[in-house]
>>> print(open('model.txt').read())   # compact mmCIF, C-alpha atoms and all ligand atoms
# COMPACT_ATOMS: atom_id res chain seq x y z
CA MET X 1 96.04 79.27 115.96
CA THR X 2 98.47 80.25 118.68
CA GLN X 3 96.95 81.52 121.93
CA GLU X 4 98.29 85.08 122.28
CA LEU X 5 98.89 85.51 126.00
CA PHE X 6 100.53 88.94 125.51
CA ARG X 7 97.20 90.40 124.30
CA GLU X 8 95.63 90.02 127.74
CA ASN X 9 98.70 90.46 129.91
CA ALA X 10 101.76 92.22 128.52
CA TYR X 11 103.64 91.55 131.77
CA LEU X 12 103.84 87.76 131.32
CA ASP X 13 107.51 87.04 130.60
CA GLN X 14 107.19 83.26 130.28
CA THR X 15 104.79 80.38 129.81
CA THR X 16 104.85 76.64 129.43
CA ALA X 17 103.85 75.70 125.88
CA ARG X 18 103.75 72.79 123.46
CA VAL X 19 105.44 72.75 120.05
CA THR X 20 102.82 72.45 117.30
CA ALA X 21 105.07 72.82 114.26
CA CYS X 22 108.77 73.20 113.53
CA ASP X 23 110.07 73.78 110.03
CA GLU X 24 112.13 76.18 107.97
CA ARG X 25 109.58 78.97 108.53
CA GLY X 26 110.08 78.85 112.31
CA ILE X 27 108.79 77.24 115.49
CA GLN X 28 105.08 77.37 116.34
CA LEU X 29 103.63 76.85 119.83
CA ASP X 30 100.10 76.26 121.12
CA ARG X 31 100.45 79.46 123.15
CA THR X 32 103.09 82.13 123.59
CA VAL X 33 104.22 85.29 125.34
CA PHE X 34 106.31 86.31 122.27
CA TYR X 35 104.87 89.37 120.49
CA PRO X 36 105.18 89.01 116.69
CA ARG X 37 106.46 92.05 114.76
CA GLY X 38 103.47 94.23 113.88
CA GLY X 39 101.83 97.63 114.23
CA GLY X 40 105.28 99.17 114.13
CA GLN X 41 106.45 97.27 117.21
CA ALA X 42 109.50 94.98 116.90
CA GLY X 43 109.07 91.24 117.45
CA ASP X 44 110.25 89.67 120.70
CA ALA X 45 113.50 87.81 121.23
CA GLY X 46 114.18 85.28 123.98
CA ALA X 47 114.58 81.54 124.44
CA LEU X 48 112.68 78.28 124.31
CA VAL X 49 113.91 76.37 127.38
CA ARG X 50 113.82 72.59 126.89
CA ARG X 51 113.74 69.84 129.44
CA ALA X 52 116.17 67.06 130.29
CA GLY X 53 119.42 68.78 129.62
CA ALA X 54 118.71 69.86 126.04
CA ALA X 55 120.21 73.25 125.24
CA ALA X 56 117.79 76.19 125.20
CA ILE X 57 116.91 77.48 121.74
CA ALA X 58 117.75 81.16 121.28
CA ILE X 59 114.94 83.04 119.51
CA ALA X 60 116.15 86.04 117.52
CA ASP X 61 112.80 87.43 116.33
CA THR X 62 109.09 86.68 116.17
CA VAL X 63 106.84 87.25 113.15
CA LYS X 64 103.29 86.52 112.00
CA GLY X 65 102.74 83.54 109.71
CA GLU X 66 99.72 82.49 107.69
CA GLY X 67 96.34 81.92 109.31
CA GLY X 68 97.11 83.55 112.64
CA ALA X 69 100.29 81.56 113.24
CA ILE X 70 103.09 83.07 115.30
CA LEU X 71 106.55 82.04 114.11
CA HIS X 72 109.44 82.01 116.61
CA LEU X 73 112.60 82.45 114.53
CA PRO X 74 115.64 80.65 115.96
CA ALA X 75 118.99 82.42 115.91
CA PRO X 76 121.18 80.83 113.20
CA GLY X 77 123.63 78.01 113.92
CA GLN X 78 121.56 75.96 116.38
CA ASP X 79 120.84 72.24 116.09
CA LEU X 80 117.05 71.83 116.11
CA SER X 81 116.99 68.30 114.69
CA ALA X 82 115.60 66.76 117.89
CA LEU X 83 112.77 69.29 118.23
CA ALA X 84 109.39 67.86 117.22
CA PRO X 85 105.68 68.69 117.60
CA GLY X 86 104.34 67.67 120.99
CA GLU X 87 107.42 68.65 122.98
CA GLU X 88 106.68 70.74 126.05
CA LEU X 89 108.99 73.61 126.88
CA VAL X 90 109.09 77.03 128.52
CA ALA X 91 108.85 80.05 126.22
CA LYS X 92 110.68 82.96 127.82
CA ILE X 93 111.08 86.43 126.34
CA ASP X 94 114.00 88.83 126.77
CA TRP X 95 112.09 90.91 129.30
CA ASP X 96 114.42 93.93 129.45
CA ARG X 97 114.10 94.34 125.69
CA ARG X 98 110.32 93.87 125.67
CA HIS X 99 109.82 96.25 128.58
CA ARG X 100 111.62 98.95 126.56
CA HIS X 101 109.21 98.20 123.68
CA MET X 102 106.27 98.61 126.07
CA ARG X 103 107.59 101.89 127.46
CA PHE X 104 108.32 103.31 124.00
CA HIS X 105 105.02 102.05 122.59
CA THR X 106 103.03 103.73 125.35
CA ALA X 107 105.10 106.88 124.78
CA THR X 108 103.97 106.98 121.13
CA HIS X 109 100.36 107.09 122.36
CA LEU X 110 101.25 110.10 124.52
CA LEU X 111 102.80 111.75 121.48
CA CYS X 112 99.56 111.14 119.55
CA ALA X 113 97.69 112.94 122.31
CA ILE X 114 100.10 115.90 122.21
CA VAL X 115 100.27 116.26 118.41
CA PRO X 116 96.70 116.45 117.03
CA TYR X 117 97.37 115.01 113.56
CA GLN X 118 97.00 111.59 111.95
CA THR X 119 100.05 109.36 111.90
CA ASN X 120 101.26 107.55 108.77
CA GLY X 121 104.21 105.57 110.07
CA CYS X 122 105.52 104.10 113.28
CA SER X 123 108.54 102.08 114.42
CA ILE X 124 109.14 100.86 117.96
CA THR X 125 112.44 99.19 118.87
CA SER X 126 114.37 98.79 122.12
CA GLY X 127 116.55 101.77 121.21
CA TYR X 128 114.06 104.35 119.96
CA ALA X 129 110.47 105.05 118.94
CA ARG X 130 109.75 106.82 115.65
CA LEU X 131 106.41 108.33 114.71
CA ASP X 132 105.51 110.08 111.44
CA PHE X 133 102.75 112.69 111.49
CA ASP X 134 100.75 113.81 108.47
CA MET X 135 101.29 117.56 108.93
CA VAL X 136 103.07 120.59 107.47
CA GLU X 137 103.39 122.71 110.62
CA PRO X 138 106.72 122.77 112.45
CA LEU X 139 107.06 120.94 115.79
CA ASP X 140 108.78 122.36 118.85
CA ARG X 141 111.17 120.00 120.62
CA GLU X 142 110.97 121.69 124.03
CA HIS X 143 107.19 121.73 123.95
CA LEU X 144 107.05 118.02 123.11
CA GLU X 145 109.55 117.07 125.82
CA ARG X 146 107.76 119.18 128.41
CA GLU X 147 104.33 117.69 127.59
CA LEU X 148 105.69 114.13 127.51
CA ALA X 149 107.31 114.66 130.91
CA ARG X 150 104.05 116.04 132.29
CA LEU X 151 101.98 113.06 131.09
CA VAL X 152 104.57 110.62 132.45
CA ASP X 153 104.68 112.39 135.82
CA GLU X 154 100.88 112.51 136.06
CA ALA X 155 100.91 108.69 136.25
CA HIS X 156 97.91 107.89 134.04
CA ALA X 157 96.69 104.28 134.17
CA THR X 158 96.32 102.40 130.88
CA ARG X 159 93.62 99.87 130.08
CA THR X 160 92.81 97.43 127.27
CA ILE X 161 89.19 97.43 126.07
CA TRP X 162 87.66 95.03 123.55
CA VAL X 163 84.67 96.35 121.60
CA THR X 164 82.49 95.06 118.78
CA ASP X 165 81.43 97.07 115.72
CA GLU X 166 77.94 97.25 117.30
CA GLU X 167 79.31 98.71 120.51
CA MET X 168 81.21 101.29 118.45
CA ASP X 169 78.03 102.21 116.60
CA ALA X 170 76.16 102.55 119.90
CA LYS X 171 78.81 104.89 121.27
CA PRO X 172 79.76 107.42 118.57
CA GLU X 173 81.43 109.56 121.24
CA LEU X 174 83.93 106.72 121.68
CA VAL X 175 85.09 106.94 118.07
CA ARG X 176 85.01 110.74 118.09
CA THR X 177 87.54 110.91 120.90
CA MET X 178 89.90 108.50 119.20
CA SER X 179 93.15 109.82 117.79
CA VAL X 180 93.23 106.89 115.34
CA LYS X 181 90.07 105.39 113.87
CA PRO X 182 89.67 101.63 114.38
CA PRO X 183 89.34 99.14 111.53
CA ARG X 184 85.80 97.89 110.86
CA GLY X 185 84.36 94.56 109.80
CA VAL X 186 86.81 92.39 111.74
CA GLY X 187 84.37 91.45 114.54
CA ARG X 188 85.97 92.99 117.58
CA VAL X 189 88.62 95.61 118.02
CA ARG X 190 91.18 96.03 120.77
CA LEU X 191 91.48 99.56 122.13
CA LEU X 192 94.12 101.03 124.39
CA GLU X 193 92.89 103.71 126.74
CA ILE X 194 95.27 105.98 128.62
CA ASP X 195 93.06 107.40 131.30
CA GLY X 196 92.10 110.96 130.42
CA VAL X 197 94.75 111.21 127.69
CA ASP X 198 94.27 108.96 124.65
CA LEU X 199 92.08 106.23 123.20
CA GLN X 200 92.93 104.35 120.02
CA ALA X 201 92.75 100.96 118.38
CA CYS X 202 96.02 99.14 119.02
CA GLY X 203 97.19 95.54 119.19
CA GLY X 204 100.61 96.20 120.73
CA THR X 205 102.01 95.83 124.24
CA HIS X 206 101.94 98.75 126.70
CA VAL X 207 102.92 99.54 130.28
CA GLY X 208 100.17 99.72 132.91
CA ASN X 209 100.91 103.30 133.96
CA THR X 210 102.56 106.21 132.14
CA ARG X 211 104.93 106.72 135.11
CA GLU X 212 106.62 103.47 134.10
CA ILE X 213 107.78 105.04 130.81
CA GLY X 214 110.36 107.20 132.59
CA ARG X 215 112.05 110.31 131.25
CA LEU X 216 112.08 110.76 127.47
CA ARG X 217 114.00 113.01 125.14
CA VAL X 218 113.14 114.04 121.61
CA ALA X 219 116.22 112.83 119.73
CA LYS X 220 115.16 114.19 116.36
CA ILE X 221 112.44 116.16 114.59
CA GLU X 222 112.70 115.74 110.84
CA LYS X 223 110.83 117.06 107.83
CA LYS X 224 110.48 113.71 106.10
CA SER X 225 108.48 115.03 103.16
CA ALA X 226 106.33 118.06 102.33
CA ARG X 227 103.48 116.54 104.37
CA THR X 228 105.30 114.40 106.93
CA ARG X 229 106.98 115.39 110.19
CA ARG X 230 109.00 112.62 111.87
CA VAL X 231 109.61 112.53 115.64
CA VAL X 232 112.20 110.17 117.18
CA LEU X 233 112.08 109.50 120.93
CA GLU X 234 114.81 108.05 123.14
CA PHE X 235 115.07 107.35 126.85
CA ALA X 236 116.83 110.20 128.62
CA SER X 237 118.90 107.89 130.81
ZN ZN I 301 99.67 100.87 121.19
>>> encode(input="model.txt", output="structure tokens")
Amino acid sequence: MTQELFRENAYLDQTTARVTACDERGIQLDRTVFYPRGGGQAGDAGALVRRAGAAAIAIADTVKGEGGAILHLPAPGQDLSALAPGEELVAKIDWDRRHRHMRFHTATHLLCAIVPYQTNGCSITSGYARLDFDMVEPLDREHLERELARLVDEAHATRTIWVTDEEMDAKPELVRTMSVKPPRGVGRVRLLEIDGVDLQACGGTHVGNTREIGRLRVAKIEKKSARTRRVVLEFAS
């Protein structure tokens, strides 16, 4: 198992780590700040910085492997022959890219609060965020942009909460206020609360305050199918 430092602190951009495996599937570390592709959010890119003059290894993407492993995928064309388990290095993400993921990801939670329908698809990259809603009603671009701007300007704090199934059962009002119902039977669930705005189960990375998202524009509203409305967000500047 890789210790997932990004789950507790999304703002960590680097950590020392030890290589635990290195093969054709990718590079595994004992702990990492690299978020693996999942929940709609793109995987992190960055570098593994080695000691003693060895060239840094460029990481193009990060994915989940079997049994909770996190696989750092090297960009092609690099010589990794000297890399072996036990080596200590510094794992460093491309922070500008990740911070855009965090801003967009938090923005999708705001959108969930504005549009009161279940979602059935989500994609978060450094260039855009895309969210699919299970609904037939039309959506109004100006309304969405105005509400997003309001929630950003109101500077709501965000908070990660871990709860067990028992705690959920003891607090039905918690589940009732959630825009997305959490999975059950997995022991504990990670929730993201945006103070006074939204609460939902989510394993992704988010900014600490909605103000940090900045100005958004609705790039596209699309009727994806008879029962799906797709919204694409971009940064306004
Ligand atoms: Zn989230």
>>> residues_around(input="model.txt", residues="Ile194 (chain X)", least_positions_apart="5", cutoff="7 Å", atoms="only C-alpha atoms", output="PyMOL selection string")
chain X and resi 156-159+199
>>> residues_around(input="model.txt", residues="Glu166 (chain X)", least_positions_apart="6", cutoff="12 Å", atoms="all atoms listed in the file", output="PyMOL selection string")
chain X and resi 172+184-189
>>> closest_residue(input="model.txt", among="X:Thr62, X:Thr125, X:Gln3, X:Thr205", to="ligand ZN 301 (chain I)", atoms="all atoms listed in the file")
X:Thr205
>>> residues_around(input="model.txt", residues="Ser237 (chain X)", least_positions_apart="2", cutoff="9 Å", atoms="all atoms listed in the file", output="JSON, numbers by chain")
{"X": [214, 215, 216, 234, 235]}
>>> atom_distance(input="model.txt", atom1="CA of Pro74 (chain X)", atom2="CA of Asp44 (chain X)")
11.5 Å
>>> residues_near_ligand(input="model.txt", ligand="ligand ZN 301 (chain I)", cutoff="8 Å", atoms="only C-alpha atoms and all ligand atoms", output="NGL selection string")
:X and (39 or 105-106 or 108-109 or 192 or 200-206)
>>> write_last_selection(input="model.txt", atoms="C-alpha atoms", output="PDB file, keeping the file's coordinate frame")
ATOM      1  CA  GLY X  39     101.830  97.630 114.230  1.00  0.00           C
ATOM      2  CA  HIS X 105     105.020 102.050 122.590  1.00  0.00           C
ATOM      3  CA  THR X 106     103.030 103.730 125.350  1.00  0.00           C
ATOM      4  CA  THR X 108     103.970 106.980 121.130  1.00  0.00           C
ATOM      5  CA  HIS X 109     100.360 107.090 122.360  1.00  0.00           C
ATOM      6  CA  LEU X 192      94.120 101.030 124.390  1.00  0.00           C
ATOM      7  CA  GLN X 200      92.930 104.350 120.020  1.00  0.00           C
ATOM      8  CA  ALA X 201      92.750 100.960 118.380  1.00  0.00           C
ATOM      9  CA  CYS X 202      96.020  99.140 119.020  1.00  0.00           C
ATOM     10  CA  GLY X 203      97.190  95.540 119.190  1.00  0.00           C
ATOM     11  CA  GLY X 204     100.610  96.200 120.730  1.00  0.00           C
ATOM     12  CA  THR X 205     102.010  95.830 124.240  1.00  0.00           C
ATOM     13  CA  HIS X 206     101.940  98.750 126.700  1.00  0.00           C
TER      14      HIS X 206
END
>>> residues_around(input="model.txt", residues="Val115 (chain X)", least_positions_apart="3", cutoff="12 Å", atoms="only C-alpha atoms", output="ChimeraX atom specification")
/X:108-112,118-119,131-135,137-141,143-145,147-148,179,197-198,229-231
>>> axis_aligned_box(input="model.txt", around="region 103-119 of chain X", padding_each_side="4 Å", output="lines of an AutoDock Vina configuration file")
center_x = 102.5
center_y = 109.2
center_z = 119.7
size_x = 19.6
size_y = 22.6
size_z = 23.6
>>> closest_residue(input="model.txt", among="X:Gly67, X:Asp165, X:Arg100, X:Ala55", to="Asp79 (chain X)", atoms="all atoms listed in the file")
X:Ala55
>>> closest_residue(input="model.txt", among="X:Arg150, X:Leu191, X:Arg51, X:Ile221", to="Glu8 (chain X)", atoms="only C-alpha atoms")
X:Leu191
>>> residues_around(input="model.txt", residues="Val152 (chain X)", least_positions_apart="6", cutoff="7 Å", atoms="all atoms listed in the file", output="NGL selection string")
:X and (210-211 or 213-214)
>>> write_last_selection(input="model.txt", atoms="C-alpha atoms", output="compact mmCIF listing (two decimals), keeping the file's coordinate frame")
# COMPACT_ATOMS: atom_id res chain seq x y z
CA THR X 210 102.56 106.21 132.14
CA ARG X 211 104.93 106.72 135.11
CA ILE X 213 107.78 105.04 130.81
CA GLY X 214 110.36 107.20 132.59
>>> closest_residue(input="model.txt", among="X:Glu87, X:Asp94, X:Glu154, X:Asp61", to="Arg37 (chain X)", atoms="only C-alpha atoms")
X:Asp61
>>> closest_residue(input="model.txt", among="X:Leu71, X:Ala60, X:Met102, X:Ala129", to="Ala10 (chain X)", atoms="all atoms listed in the file")
X:Met102
>>> closest_residue(input="model.txt", among="X:Gly40, X:Gly196, X:Gly86, X:Gly77", to="Ala58 (chain X)", atoms="all atoms listed in the file")
X:Gly77
>>> atom_distance(input="model.txt", atom1="CA of Asn209 (chain X)", atom2="CA of Pro36 (chain X)")
22.8 Å
>>> atom_distance(input="model.txt", atom1="CA of Arg217 (chain X)", atom2="CA of Arg98 (chain X)")
19.5 Å
>>> residues_near_point(input="model.txt", point="(110.8, 76.1, 109.6)", cutoff="12 Å", atoms="all atoms listed in the file", output="mmCIF file with C-alpha atoms, in the frame of the given file")
data_model
loop_
_atom_site.group_PDB
_atom_site.id
_atom_site.type_symbol
_atom_site.label_atom_id
_atom_site.label_comp_id
_atom_site.auth_asym_id
_atom_site.auth_seq_id
_atom_site.Cartn_x
_atom_site.Cartn_y
_atom_site.Cartn_z
ATOM 1 C CA THR X 20 102.820 72.450 117.300
ATOM 2 C CA ALA X 21 105.070 72.820 114.260
ATOM 3 C CA CYS X 22 108.770 73.200 113.530
ATOM 4 C CA ASP X 23 110.070 73.780 110.030
ATOM 5 C CA GLU X 24 112.130 76.180 107.970
ATOM 6 C CA ARG X 25 109.580 78.970 108.530
ATOM 7 C CA GLY X 26 110.080 78.850 112.310
ATOM 8 C CA ILE X 27 108.790 77.240 115.490
ATOM 9 C CA GLN X 28 105.080 77.370 116.340
ATOM 10 C CA GLY X 65 102.740 83.540 109.710
ATOM 11 C CA ILE X 70 103.090 83.070 115.300
ATOM 12 C CA LEU X 71 106.550 82.040 114.110
ATOM 13 C CA HIS X 72 109.440 82.010 116.610
ATOM 14 C CA LEU X 73 112.600 82.450 114.530
ATOM 15 C CA PRO X 74 115.640 80.650 115.960
ATOM 16 C CA PRO X 76 121.180 80.830 113.200
ATOM 17 C CA LEU X 80 117.050 71.830 116.110
ATOM 18 C CA SER X 81 116.990 68.300 114.690
ATOM 19 C CA LEU X 83 112.770 69.290 118.230
ATOM 20 C CA ALA X 84 109.390 67.860 117.220
#
>>> decode(input="model.txt", residues="region 112-208 of chain X", atoms="C-alpha atoms", output="mmCIF file, in the first residue's frame")
data_model
loop_
_atom_site.group_PDB
_atom_site.id
_atom_site.type_symbol
_atom_site.label_atom_id
_atom_site.label_comp_id
_atom_site.auth_asym_id
_atom_site.auth_seq_id
_atom_site.Cartn_x
_atom_site.Cartn_y
_atom_site.Cartn_z
ATOM 1 C CA CYS X 112 -23.814 20.276 -7.922
ATOM 2 C CA ALA X 113 -25.160 22.704 -5.333
ATOM 3 C CA ILE X 114 -26.627 24.980 -8.020
ATOM 4 C CA VAL X 115 -28.168 22.242 -10.191
ATOM 5 C CA PRO X 116 -30.341 19.997 -7.975
ATOM 6 C CA TYR X 117 -30.057 16.777 -10.004
ATOM 7 C CA GLN X 118 -27.929 13.640 -9.788
ATOM 8 C CA THR X 119 -24.779 13.538 -11.870
ATOM 9 C CA ASN X 120 -23.833 10.592 -14.092
ATOM 10 C CA GLY X 121 -20.462 11.644 -15.459
ATOM 11 C CA CYS X 122 -17.560 13.879 -14.584
ATOM 12 C CA SER X 123 -14.188 14.816 -16.076
ATOM 13 C CA ILE X 124 -11.682 17.191 -14.495
ATOM 14 C CA THR X 125 -8.554 18.217 -16.411
ATOM 15 C CA SER X 126 -6.263 21.243 -16.255
ATOM 16 C CA GLY X 127 -8.136 22.819 -19.176
ATOM 17 C CA TYR X 128 -11.781 22.271 -18.301
ATOM 18 C CA ALA X 129 -14.266 20.552 -15.993
ATOM 19 C CA ARG X 130 -17.186 18.624 -17.465
ATOM 20 C CA LEU X 131 -20.209 17.468 -15.490
ATOM 21 C CA ASP X 132 -23.191 15.472 -16.795
ATOM 22 C CA PHE X 133 -26.535 15.863 -15.037
ATOM 23 C CA ASP X 134 -29.374 13.362 -15.170
ATOM 24 C CA MET X 135 -32.112 15.821 -16.179
ATOM 25 C CA VAL X 136 -34.382 16.843 -19.058
ATOM 26 C CA GLU X 137 -34.914 20.508 -18.159
ATOM 27 C CA PRO X 138 -32.897 23.155 -20.005
ATOM 28 C CA LEU X 139 -30.073 24.967 -18.181
ATOM 29 C CA ASP X 140 -29.455 28.697 -18.349
ATOM 30 C CA ARG X 141 -25.847 29.734 -18.916
ATOM 31 C CA GLU X 142 -26.156 33.197 -17.369
ATOM 32 C CA HIS X 143 -27.838 31.818 -14.270
ATOM 33 C CA LEU X 144 -25.094 29.224 -13.793
ATOM 34 C CA GLU X 145 -22.285 31.750 -14.272
ATOM 35 C CA ARG X 146 -23.925 34.219 -11.909
ATOM 36 C CA GLU X 147 -24.435 31.606 -9.163
ATOM 37 C CA LEU X 148 -20.908 30.210 -9.572
ATOM 38 C CA ALA X 149 -19.475 33.726 -9.281
ATOM 39 C CA ARG X 150 -21.548 34.358 -6.161
ATOM 40 C CA LEU X 151 -20.372 31.171 -4.423
ATOM 41 C CA VAL X 152 -16.744 31.911 -5.350
ATOM 42 C CA ASP X 153 -17.008 35.490 -4.092
ATOM 43 C CA GLU X 154 -18.659 34.400 -0.837
ATOM 44 C CA ALA X 155 -15.390 32.615 0.056
ATOM 45 C CA HIS X 156 -16.776 29.418 1.587
ATOM 46 C CA ALA X 157 -14.253 27.249 3.433
ATOM 47 C CA THR X 158 -13.982 23.578 2.461
ATOM 48 C CA ARG X 159 -13.307 20.708 4.834
ATOM 49 C CA THR X 160 -12.595 16.979 4.591
ATOM 50 C CA ILE X 161 -14.573 14.760 6.986
ATOM 51 C CA TRP X 162 -14.098 11.014 7.475
ATOM 52 C CA VAL X 163 -17.165 9.103 8.676
ATOM 53 C CA THR X 164 -18.000 5.456 9.314
ATOM 54 C CA ASP X 165 -21.192 3.705 8.201
ATOM 55 C CA GLU X 166 -22.295 3.797 11.874
ATOM 56 C CA GLU X 167 -21.817 7.548 12.067
ATOM 57 C CA MET X 168 -23.860 7.915 8.879
ATOM 58 C CA ASP X 169 -26.642 5.807 10.377
ATOM 59 C CA ALA X 170 -26.575 7.909 13.549
ATOM 60 C CA LYS X 171 -26.915 11.116 11.550
ATOM 61 C CA PRO X 172 -29.552 10.615 8.836
ATOM 62 C CA GLU X 173 -29.690 14.391 8.357
ATOM 63 C CA LEU X 174 -26.098 14.175 7.109
ATOM 64 C CA VAL X 175 -27.039 11.867 4.251
ATOM 65 C CA ARG X 176 -30.233 13.786 3.516
ATOM 66 C CA THR X 177 -28.308 16.974 2.816
ATOM 67 C CA MET X 178 -25.879 15.249 0.496
ATOM 68 C CA SER X 179 -26.074 15.960 -3.209
ATOM 69 C CA VAL X 180 -24.451 12.576 -3.909
ATOM 70 C CA LYS X 181 -25.068 9.539 -1.711
ATOM 71 C CA PRO X 182 -21.927 7.891 -0.313
ATOM 72 C CA PRO X 183 -20.983 4.260 -0.968
ATOM 73 C CA ARG X 184 -21.688 1.849 1.902
ATOM 74 C CA GLY X 185 -19.904 -1.185 3.265
ATOM 75 C CA VAL X 186 -16.367 0.104 2.688
ATOM 76 C CA GLY X 187 -15.660 0.956 6.351
ATOM 77 C CA ARG X 188 -15.197 4.691 6.259
ATOM 78 C CA VAL X 189 -16.091 7.308 3.715
ATOM 79 C CA ARG X 190 -14.385 10.582 2.907
ATOM 80 C CA LEU X 191 -16.732 13.556 2.604
ATOM 81 C CA LEU X 192 -16.037 17.009 1.253
ATOM 82 C CA GLU X 193 -17.988 19.787 2.905
ATOM 83 C CA ILE X 194 -18.200 23.255 1.410
ATOM 84 C CA ASP X 195 -19.410 25.299 4.315
ATOM 85 C CA GLY X 196 -23.094 26.081 3.895
ATOM 86 C CA VAL X 197 -23.110 25.003 0.239
ATOM 87 C CA ASP X 198 -22.499 21.306 -0.436
ATOM 88 C CA LEU X 199 -21.665 17.999 1.222
ATOM 89 C CA GLN X 200 -20.836 14.853 -0.714
ATOM 90 C CA ALA X 201 -18.653 11.767 -0.677
ATOM 91 C CA CYS X 202 -15.512 12.502 -2.676
ATOM 92 C CA GLY X 203 -11.948 11.221 -2.791
ATOM 93 C CA GLY X 204 -10.495 13.970 -4.984
ATOM 94 C CA THR X 205 -8.370 17.033 -4.270
ATOM 95 C CA HIS X 206 -9.984 20.428 -3.570
ATOM 96 C CA VAL X 207 -8.973 23.985 -2.724
ATOM 97 C CA GLY X 208 -9.389 25.166 0.880
#
